[in-house]
Amino acid sequence: MSNQGDKAAPSAQVNAAKAAQAKVAAHAASLAAAAKAKANELGQIPVLMYHRIIEKPTSVDDLDPKVFRAEMERLVAEGYVPITAAEYATGRIGIPAGKHAVVLTFDDSSPSQLSLDGMGAPKAGTAVAILQDVARKHPSFRPVATFYVTKDMFGVTTPEEQAQMVTWLRNNGFDIGNHTRDHLNLRGREKKAVFDEVAAGHKLITDLVKEASPVTLALPYGNQPTKAEWARKGNSGKVAYDYGGVFLAGYNPAPSPYGKDFNALGIPRIRSGVKKGDCSKFCSAAWLDWLKANPDKRFTSDGDAKTVAYPKFKAPFMAKQFTGQALAY
Ligand SMILES: [Zn+2]
């Protein structure tokens with residue numbers, strides 16, 4: 001018996017030493033890969049905000065389908081890969097090395113974003129059809145987005161049809177967020193009214209598809225309630241909600257979810273628009289130009305969803321709760 005024990009001991013030591021060596025080698029390889037990709041997972045992420053995608057736009061929020069397609073093509077060309085608002089807010093970002101994260105968000109559940117034919121195929125010209133088409137041509141581009149829905153629910157009215165829309169989005173990798181049921185301005189309302197309206201938006205979705213419980217909220221008009229926290233976490237008495245992030249309507253790139261600047265109570269978004277008029281500085285074309293000109297400020301992945309990779313120089317900006325995943329090169 002004792003002989004066997006003596007034999008086992010050195011072999012366990014050798015195995016442990018080999019495992020430690022392998023770990024050191026793997027870490028060195030991870031660092032080298034992060035440096036090669038110029039990874040900066042503390043960099044900023046544009047969260048783009050869309051409303052109706054229609055020909056002959058009638059408001060500044062509408063976008064022509066051709067202009068929308070051109071913006072998706074630009075994102076492909078500049079190395080962006082979409083992630084959902086839920087992935088962003090919870091820090092689950094799994095995109096290839098060297099790629100930049102972008103979040104595509106669609107407000108108000110317009111039929112121009114998603115309409116399905118009788119067999120469940122998206123109709124040509126809708127935002128979803130365009131996204132899928134761009135992704136077919138460019139396989140590196142994930143066709144994912146977040147839909148902030150209200151009771152308008154893509155123009156369909158029966159619970160069965162509404163459930164079809166929510167289920168289709170889920171089955172195709174899209175994310176459903178809360179935009180309140182009635183699109184009420186929450187500014188200045190009392191706490192109970194805020195809780196009731198946000199909870200009603202939450203229930204609208206979960207009553208249709210229980211598993212589609214939203215992870216994030218977009219504030220109607222981007223307006224925060226008197227206490228910003230009321231929109232993130234609350235309870236109407238019957239329905240409770242506790243969101244990973246609450247999104248605003250303006251007007252700059254969002255901080256990395258791994259950085260100290262991240263604030264779940266108010267995540268900025270960028271309206272889509274070309275550089276003219278009131279879009280000359282703060283809409284998508286202007287900010288994508290800025291991010292391209294300032295690559296050191298932009299989120300760039302190391303290709304490993306488990307690590308948060310960044311140049312050592314940026315270490316003071318790392319949020320404490322992610323330090324266990326830090327990979328500083
Ligand atoms: Zn809205």
# chains A, B, ... in the order shown; residues from 1 in each chain; ligands from 1

call {"tool": "closest_atom_pairs", "arguments": {"of": "segment 214-270 of chain A", "to": "segment 65-89 of chain A", "cutoff": "6 Å", "atoms": "only C-alpha atoms", "output": "CSV"}}
result
residue,atom,partner,partner_atom,distance
A:Val215,CA,A:Ala86,CA,5.6
A:Gly244,CA,A:Ala89,CA,5.5
A:Gly245,CA,A:Ala89,CA,5.5

call {"tool": "write_last_selection", "arguments": {"atoms": "C-alpha atoms", "output": "JSON list (two decimals), in the first residue's frame"}}
result
[["chain", "number", "residue", "atom", "x", "y", "z"],
["A", 215, "VAL", "CA", -33.19, 42.63, -19.63],
["A", 244, "GLY", "CA", -29.26, 45.46, -16.37],
["A", 245, "GLY", "CA", -29.46, 48.84, -18.07]]

call {"tool": "select_by_dssp", "arguments": {"residues": "segment 243-324 of chain A", "states": "helix (DSSP H, G or I)", "output": "VMD selection string"}}
result
chain A and resid 277 to 279 284 to 293 295 to 297 312 to 317 320 to 324

call {"tool": "residues_around", "arguments": {"residues": "Val239 of chain A", "least_positions_apart": "2", "cutoff": "9 Å", "atoms": "only C-alpha atoms", "output": "list in words"}}
result
Asp196, Ala199, Ala200, His202, Lys203, Gly234, Asn235, Ser236, Gly237 and Tyr241 of chain A

call {"tool": "closest_residue", "arguments": {"among": "A:Thr105, A:Asn171, A:Gln325, A:Thr206", "to": "ligand 1", "atoms": "only C-alpha atoms and all ligand atoms"}}
result
A:Thr105

call {"tool": "closest_atom_pairs", "arguments": {"of": "chain A", "to": "ligand 1", "cutoff": "8 Å", "atoms": "only C-alpha atoms and all ligand atoms", "output": "Markdown table"}}
result
| residue | atom | partner | partner_atom_place_in_ligand_line | distance |
| --- | --- | --- | --- | --- |
| A:His51 | CA | ligand 1 | 1 (Zn) | 7.6 |
| A:Asp107 | CA | ligand 1 | 1 (Zn) | 5.1 |
| A:Asp108 | CA | ligand 1 | 1 (Zn) | 4.9 |
| A:Tyr148 | CA | ligand 1 | 1 (Zn) | 7.8 |
| A:His179 | CA | ligand 1 | 1 (Zn) | 6.7 |
| A:His183 | CA | ligand 1 | 1 (Zn) | 6.3 |
| A:Ala218 | CA | ligand 1 | 1 (Zn) | 7.8 |
| A:Leu219 | CA | ligand 1 | 1 (Zn) | 7.4 |
| A:Pro220 | CA | ligand 1 | 1 (Zn) | 4.7 |
| A:Tyr221 | CA | ligand 1 | 1 (Zn) | 5.9 |

call {"tool": "write_last_selection", "arguments": {"atoms": "N, CA and C atoms", "output": "mmCIF file, in the first residue's frame"}}
result
data_model
loop_
_atom_site.group_PDB
_atom_site.id
_atom_site.type_symbol
_atom_site.label_atom_id
_atom_site.label_comp_id
_atom_site.auth_asym_id
_atom_site.auth_seq_id
_atom_site.Cartn_x
_atom_site.Cartn_y
_atom_site.Cartn_z
ATOM 1 N N HIS A 51 -35.853 54.362 -35.485
ATOM 2 C CA HIS A 51 -37.297 54.322 -35.311
ATOM 3 C C HIS A 51 -37.904 53.677 -36.559
ATOM 4 N N ASP A 107 -36.802 51.458 -31.739
ATOM 5 C CA ASP A 107 -37.839 51.868 -30.789
ATOM 6 C C ASP A 107 -39.233 51.843 -31.414
ATOM 7 N N ASP A 108 -40.207 51.623 -30.573
ATOM 8 C CA ASP A 108 -41.642 51.842 -30.864
ATOM 9 C C ASP A 108 -42.290 50.740 -31.695
ATOM 10 N N TYR A 148 -37.191 47.742 -28.780
ATOM 11 C CA TYR A 148 -37.878 48.319 -27.629
ATOM 12 C C TYR A 148 -39.343 48.513 -27.999
ATOM 13 N N HIS A 179 -40.106 49.307 -23.550
ATOM 14 C CA HIS A 179 -40.121 50.741 -23.876
ATOM 15 C C HIS A 179 -41.365 51.379 -23.235
ATOM 16 N N HIS A 183 -45.866 54.236 -23.868
ATOM 17 C CA HIS A 183 -44.920 55.261 -24.316
ATOM 18 C C HIS A 183 -45.137 56.575 -23.570
ATOM 19 N N ALA A 218 -35.683 51.053 -22.536
ATOM 20 C CA ALA A 218 -35.371 52.344 -23.165
ATOM 21 C C ALA A 218 -36.453 53.329 -22.745
ATOM 22 N N LEU A 219 -36.025 54.457 -22.199
ATOM 23 C CA LEU A 219 -36.973 55.456 -21.698
ATOM 24 C C LEU A 219 -37.673 56.163 -22.851
ATOM 25 N N PRO A 220 -39.006 56.257 -22.851
ATOM 26 C CA PRO A 220 -39.688 57.049 -23.880
ATOM 27 C C PRO A 220 -39.159 58.495 -23.865
ATOM 28 N N TYR A 221 -38.855 59.024 -25.025
ATOM 29 C CA TYR A 221 -38.277 60.371 -25.204
ATOM 30 C C TYR A 221 -36.922 60.521 -24.498
#

call {"tool": "residues_around", "arguments": {"residues": "Ile270 of chain A", "least_positions_apart": "6", "cutoff": "12 Å", "atoms": "only C-alpha atoms", "output": "ChimeraX atom specification"}}
result
/A:45-51,61,102-106,222,247-254,279,281-288

call {"tool": "write_last_selection", "arguments": {"atoms": "N, CA and C atoms", "output": "PDB file, in the first residue's frame"}}
result
ATOM      1  N   ILE A  45     -18.568  52.134 -27.103  1.00  0.00           N
ATOM      2  CA  ILE A  45     -19.413  51.341 -28.000  1.00  0.00           C
ATOM      3  C   ILE A  45     -20.580  52.212 -28.477  1.00  0.00           C
ATOM      4  N   PRO A  46     -20.733  52.377 -29.798  1.00  0.00           N
ATOM      5  CA  PRO A  46     -21.901  53.136 -30.257  1.00  0.00           C
ATOM      6  C   PRO A  46     -23.177  52.296 -30.126  1.00  0.00           C
ATOM      7  N   VAL A  47     -24.181  52.879 -29.485  1.00  0.00           N
ATOM      8  CA  VAL A  47     -25.510  52.246 -29.403  1.00  0.00           C
ATOM      9  C   VAL A  47     -26.403  53.069 -30.330  1.00  0.00           C
ATOM     10  N   LEU A  48     -26.693  52.524 -31.492  1.00  0.00           N
ATOM     11  CA  LEU A  48     -27.435  53.289 -32.493  1.00  0.00           C
ATOM     12  C   LEU A  48     -28.934  53.125 -32.286  1.00  0.00           C
ATOM     13  N   MET A  49     -29.656  54.216 -32.489  1.00  0.00           N
ATOM     14  CA  MET A  49     -31.100  54.242 -32.221  1.00  0.00           C
ATOM     15  C   MET A  49     -31.859  54.501 -33.521  1.00  0.00           C
ATOM     16  N   TYR A  50     -32.762  53.584 -33.823  1.00  0.00           N
ATOM     17  CA  TYR A  50     -33.588  53.708 -35.028  1.00  0.00           C
ATOM     18  C   TYR A  50     -35.058  53.717 -34.647  1.00  0.00           C
ATOM     19  N   HIS A  51     -35.853  54.362 -35.485  1.00  0.00           N
ATOM     20  CA  HIS A  51     -37.297  54.322 -35.311  1.00  0.00           C
ATOM     21  C   HIS A  51     -37.904  53.677 -36.559  1.00  0.00           C
ATOM     22  N   ASP A  61     -36.720  61.245 -37.143  1.00  0.00           N
ATOM     23  CA  ASP A  61     -36.489  59.898 -36.604  1.00  0.00           C
ATOM     24  C   ASP A  61     -36.600  58.808 -37.664  1.00  0.00           C
ATOM     25  N   VAL A 102     -21.013  47.041 -31.699  1.00  0.00           N
ATOM     26  CA  VAL A 102     -22.017  48.075 -31.931  1.00  0.00           C
ATOM     27  C   VAL A 102     -23.352  47.492 -31.480  1.00  0.00           C
ATOM     28  N   VAL A 103     -24.222  48.341 -30.925  1.00  0.00           N
ATOM     29  CA  VAL A 103     -25.554  47.882 -30.524  1.00  0.00           C
ATOM     30  C   VAL A 103     -26.570  48.578 -31.419  1.00  0.00           C
ATOM     31  N   LEU A 104     -27.441  47.802 -32.050  1.00  0.00           N
ATOM     32  CA  LEU A 104     -28.499  48.361 -32.894  1.00  0.00           C
ATOM     33  C   LEU A 104     -29.807  48.285 -32.120  1.00  0.00           C
ATOM     34  N   THR A 105     -30.470  49.431 -31.920  1.00  0.00           N
ATOM     35  CA  THR A 105     -31.731  49.430 -31.169  1.00  0.00           C
ATOM     36  C   THR A 105     -32.835  50.063 -32.008  1.00  0.00           C
ATOM     37  N   PHE A 106     -34.024  49.470 -31.931  1.00  0.00           N
ATOM     38  CA  PHE A 106     -35.187  49.930 -32.689  1.00  0.00           C
ATOM     39  C   PHE A 106     -36.311  50.230 -31.708  1.00  0.00           C
ATOM     40  N   GLY A 222     -36.378  59.421 -23.985  1.00  0.00           N
ATOM     41  CA  GLY A 222     -35.104  59.489 -23.274  1.00  0.00           C
ATOM     42  C   GLY A 222     -35.210  60.176 -21.924  1.00  0.00           C
ATOM     43  N   PHE A 247     -31.693  52.795 -21.088  1.00  0.00           N
ATOM     44  CA  PHE A 247     -31.122  53.566 -22.195  1.00  0.00           C
ATOM     45  C   PHE A 247     -31.830  54.901 -22.390  1.00  0.00           C
ATOM     46  N   LEU A 248     -31.018  55.905 -22.728  1.00  0.00           N
ATOM     47  CA  LEU A 248     -31.495  57.260 -22.992  1.00  0.00           C
ATOM     48  C   LEU A 248     -31.718  57.430 -24.501  1.00  0.00           C
ATOM     49  N   ALA A 249     -31.961  58.664 -24.941  1.00  0.00           N
ATOM     50  CA  ALA A 249     -32.146  58.902 -26.376  1.00  0.00           C
ATOM     51  C   ALA A 249     -30.974  59.675 -26.994  1.00  0.00           C
ATOM     52  N   GLY A 250     -30.091  60.285 -26.190  1.00  0.00           N
ATOM     53  CA  GLY A 250     -28.959  61.020 -26.741  1.00  0.00           C
ATOM     54  C   GLY A 250     -27.676  60.518 -26.141  1.00  0.00           C
ATOM     55  N   TYR A 251     -26.617  61.161 -26.592  1.00  0.00           N
ATOM     56  CA  TYR A 251     -26.323  61.622 -27.942  1.00  0.00           C
ATOM     57  C   TYR A 251     -24.842  61.386 -28.232  1.00  0.00           C
ATOM     58  N   ASN A 252     -24.247  60.410 -27.471  1.00  0.00           N
ATOM     59  CA  ASN A 252     -22.823  60.103 -27.659  1.00  0.00           C
ATOM     60  C   ASN A 252     -22.586  58.598 -27.495  1.00  0.00           C
ATOM     61  N   PRO A 253     -21.393  58.115 -27.884  1.00  0.00           N
ATOM     62  CA  PRO A 253     -21.108  56.681 -27.721  1.00  0.00           C
ATOM     63  C   PRO A 253     -21.182  56.263 -26.248  1.00  0.00           C
ATOM     64  N   ALA A 254     -21.527  55.006 -26.001  1.00  0.00           N
ATOM     65  CA  ALA A 254     -21.684  54.514 -24.630  1.00  0.00           C
ATOM     66  C   ALA A 254     -20.347  53.995 -24.104  1.00  0.00           C
ATOM     67  N   CYS A 279     -27.861  67.212 -36.986  1.00  0.00           N
ATOM     68  CA  CYS A 279     -27.075  65.975 -36.935  1.00  0.00           C
ATOM     69  C   CYS A 279     -25.602  66.223 -37.289  1.00  0.00           C
ATOM     70  N   LYS A 281     -23.105  67.068 -35.603  1.00  0.00           N
ATOM     71  CA  LYS A 281     -22.100  66.587 -34.645  1.00  0.00           C
ATOM     72  C   LYS A 281     -22.504  65.339 -33.880  1.00  0.00           C
ATOM     73  N   PHE A 282     -23.803  65.161 -33.615  1.00  0.00           N
ATOM     74  CA  PHE A 282     -24.176  64.160 -32.608  1.00  0.00           C
ATOM     75  C   PHE A 282     -25.032  63.009 -33.130  1.00  0.00           C
ATOM     76  N   CYS A 283     -24.981  62.759 -34.440  1.00  0.00           N
ATOM     77  CA  CYS A 283     -25.711  61.593 -34.952  1.00  0.00           C
ATOM     78  C   CYS A 283     -24.706  60.551 -35.451  1.00  0.00           C
ATOM     79  N   SER A 284     -25.231  59.472 -36.050  1.00  0.00           N
ATOM     80  CA  SER A 284     -24.368  58.309 -36.292  1.00  0.00           C
ATOM     81  C   SER A 284     -23.190  58.595 -37.231  1.00  0.00           C
ATOM     82  N   ALA A 285     -23.425  59.304 -38.330  1.00  0.00           N
ATOM     83  CA  ALA A 285     -22.325  59.513 -39.288  1.00  0.00           C
ATOM     84  C   ALA A 285     -21.165  60.241 -38.614  1.00  0.00           C
ATOM     85  N   ALA A 286     -21.506  61.275 -37.824  1.00  0.00           N
ATOM     86  CA  ALA A 286     -20.465  62.067 -37.162  1.00  0.00           C
ATOM     87  C   ALA A 286     -19.709  61.232 -36.123  1.00  0.00           C
ATOM     88  N   TRP A 287     -20.450  60.438 -35.339  1.00  0.00           N
ATOM     89  CA  TRP A 287     -19.775  59.653 -34.293  1.00  0.00           C
ATOM     90  C   TRP A 287     -18.972  58.492 -34.880  1.00  0.00           C
ATOM     91  N   LEU A 288     -19.469  57.881 -35.969  1.00  0.00           N
ATOM     92  CA  LEU A 288     -18.669  56.800 -36.578  1.00  0.00           C
ATOM     93  C   LEU A 288     -17.381  57.370 -37.161  1.00  0.00           C
TER      94      LEU A 288
END

call {"tool": "select_by_dssp", "arguments": {"residues": "segment 126-297 of chain A", "states": "strand (DSSP E)", "output": "PyMOL selection string"}}
result
chain A and resi 146-149+175-178+216-218+233-235+240-242+245-247+270-271

call {"tool": "write_last_selection", "arguments": {"atoms": "N, CA and C atoms", "output": "CSV table (one decimal), in the first residue's frame"}}
result
chain,number,residue,atom,x,y,z
A,146,THR,N,-31.8,44.9,-30.8
A,146,THR,CA,-32.8,45.0,-29.7
A,146,THR,C,-34.0,45.8,-30.1
A,147,PHE,N,-35.2,45.2,-29.9
A,147,PHE,CA,-36.4,45.9,-30.2
A,147,PHE,C,-37.1,46.4,-28.9
A,148,TYR,N,-37.2,47.7,-28.8
A,148,TYR,CA,-37.9,48.3,-27.6
A,148,TYR,C,-39.3,48.5,-28.0
A,149,VAL,N,-40.2,47.6,-27.5
A,149,VAL,CA,-41.5,47.5,-28.0
A,149,VAL,C,-42.5,48.2,-27.0
A,175,ASP,N,-33.3,40.5,-29.5
A,175,ASP,CA,-33.5,40.8,-28.1
A,175,ASP,C,-34.7,41.7,-28.0
A,176,ILE,N,-35.6,41.5,-27.0
A,176,ILE,CA,-36.8,42.3,-26.8
A,176,ILE,C,-36.6,43.1,-25.6
A,177,GLY,N,-36.7,44.4,-25.7
A,177,GLY,CA,-36.6,45.3,-24.5
A,177,GLY,C,-37.9,46.0,-24.2
A,178,ASN,N,-38.0,46.5,-23.0
A,178,ASN,CA,-39.2,47.3,-22.6
A,178,ASN,C,-39.0,48.7,-23.0
A,216,THR,N,-33.4,44.9,-20.5
A,216,THR,CA,-33.1,46.4,-20.5
A,216,THR,C,-34.4,47.1,-20.8
A,217,LEU,N,-34.3,48.4,-20.5
A,217,LEU,CA,-35.4,49.4,-20.8
A,217,LEU,C,-34.9,50.5,-21.6
A,218,ALA,N,-35.7,51.1,-22.5
A,218,ALA,CA,-35.4,52.3,-23.2
A,218,ALA,C,-36.5,53.3,-22.7
A,233,LYS,N,-35.3,49.6,-11.5
A,233,LYS,CA,-35.8,48.5,-10.6
A,233,LYS,C,-37.0,49.0,-9.9
A,234,GLY,N,-38.0,48.2,-9.9
A,234,GLY,CA,-39.3,48.5,-9.3
A,234,GLY,C,-40.3,47.4,-9.2
A,235,ASN,N,-41.4,47.7,-8.6
A,235,ASN,CA,-42.4,46.7,-8.4
A,235,ASN,C,-43.8,47.4,-8.3
A,240,ALA,N,-42.6,42.7,-10.8
A,240,ALA,CA,-41.3,43.3,-10.5
A,240,ALA,C,-40.4,43.3,-11.6
A,241,TYR,N,-39.5,44.3,-11.7
A,241,TYR,CA,-38.5,44.4,-12.8
A,241,TYR,C,-37.2,44.8,-12.2
A,242,ASP,N,-36.1,44.4,-12.8
A,242,ASP,CA,-34.8,44.7,-12.3
A,242,ASP,C,-33.8,44.6,-13.5
A,245,GLY,N,-29.8,47.5,-17.5
A,245,GLY,CA,-29.5,48.8,-18.1
A,245,GLY,C,-30.7,49.6,-18.5
A,246,VAL,N,-30.6,50.9,-18.4
A,246,VAL,CA,-31.7,51.8,-18.9
A,246,VAL,C,-31.1,52.7,-19.9
A,247,PHE,N,-31.7,52.8,-21.1
A,247,PHE,CA,-31.1,53.6,-22.2
A,247,PHE,C,-31.8,54.9,-22.4
A,270,ILE,N,-27.2,56.9,-29.8
A,270,ILE,CA,-26.9,57.9,-30.9
A,270,ILE,C,-28.0,57.7,-32.0
A,271,ARG,N,-28.6,58.8,-32.3
A,271,ARG,CA,-29.6,58.8,-33.4
A,271,ARG,C,-28.9,58.6,-34.7

call {"tool": "closest_residue", "arguments": {"among": "A:Ala129, A:Ile205, A:Met119, A:Ala35", "to": "Lys312 of chain A", "atoms": "only C-alpha atoms"}}
result
A:Ala35

call {"tool": "atom_distance", "arguments": {"atom1": "atom CA of Lys99 of chain A", "atom2": "atom CA of Gly259 of chain A"}}
result
18.3 Å

call {"tool": "residues_around", "arguments": {"residues": "Asp207 of chain A", "least_positions_apart": "5", "cutoff": "10 Å", "atoms": "only C-alpha atoms", "output": "list in words"}}
result
Pro159, Ala163, His202, Ala212 and Ser213 of chain A

call {"tool": "write_last_selection", "arguments": {"atoms": "all heavy atoms", "output": "compact mmCIF listing (two decimals), in the first residue's frame"}}
result
# COMPACT_ATOMS: atom_id res chain seq x y z
N PRO A 159 -53.46 38.83 -29.51
CA PRO A 159 -52.38 38.24 -28.71
C PRO A 159 -51.62 37.14 -29.46
O PRO A 159 -50.40 37.01 -29.29
CB PRO A 159 -53.11 37.65 -27.49
CG PRO A 159 -54.42 38.34 -27.44
CD PRO A 159 -54.77 38.75 -28.84
N ALA A 163 -47.74 37.36 -30.18
CA ALA A 163 -46.86 36.29 -29.69
C ALA A 163 -45.99 35.76 -30.83
O ALA A 163 -44.81 35.42 -30.62
CB ALA A 163 -47.69 35.17 -29.07
N HIS A 202 -43.34 45.63 -19.12
CA HIS A 202 -42.69 44.34 -18.87
C HIS A 202 -43.70 43.19 -19.05
O HIS A 202 -43.45 42.21 -19.74
CB HIS A 202 -42.13 44.33 -17.44
CG HIS A 202 -41.15 43.24 -17.18
ND1 HIS A 202 -39.79 43.39 -17.37
CD2 HIS A 202 -41.32 41.96 -16.76
CE1 HIS A 202 -39.17 42.26 -17.07
NE2 HIS A 202 -40.10 41.37 -16.70
N ALA A 212 -39.48 35.62 -22.73
CA ALA A 212 -38.95 36.84 -23.37
C ALA A 212 -38.78 37.98 -22.38
O ALA A 212 -38.80 39.14 -22.77
CB ALA A 212 -39.85 37.25 -24.53
N SER A 213 -38.60 37.67 -21.12
CA SER A 213 -38.47 38.69 -20.08
C SER A 213 -37.36 39.70 -20.43
O SER A 213 -36.20 39.32 -20.59
CB SER A 213 -38.15 37.97 -18.77
OG SER A 213 -38.22 38.85 -17.70

call {"tool": "atom_distance", "arguments": {"atom1": "atom CA of Gln113 of chain A", "atom2": "atom CA of Ala127 of chain A"}}
result
4.5 Å

call {"tool": "closest_residue", "arguments": {"among": "A:Gln44, A:Val144, A:Pro225, A:Gly120", "to": "Asp261 of chain A", "atoms": "only C-alpha atoms"}}
result
A:Gln44

call {"tool": "closest_residue", "arguments": {"among": "A:Asn294, A:Thr126, A:Asn172, A:Thr58", "to": "Ser112 of chain A", "atoms": "only C-alpha atoms"}}
result
A:Thr126

call {"tool": "atom_distance", "arguments": {"atom1": "atom CA of Gly98 of chain A", "atom2": "atom CA of Ala264 of chain A"}}
result
25.9 Å

call {"tool": "closest_residue", "arguments": {"among": "A:Pro214, A:Pro57, A:Gly277, A:Gly266", "to": "Glu229 of chain A", "atoms": "only C-alpha atoms"}}
result
A:Gly266
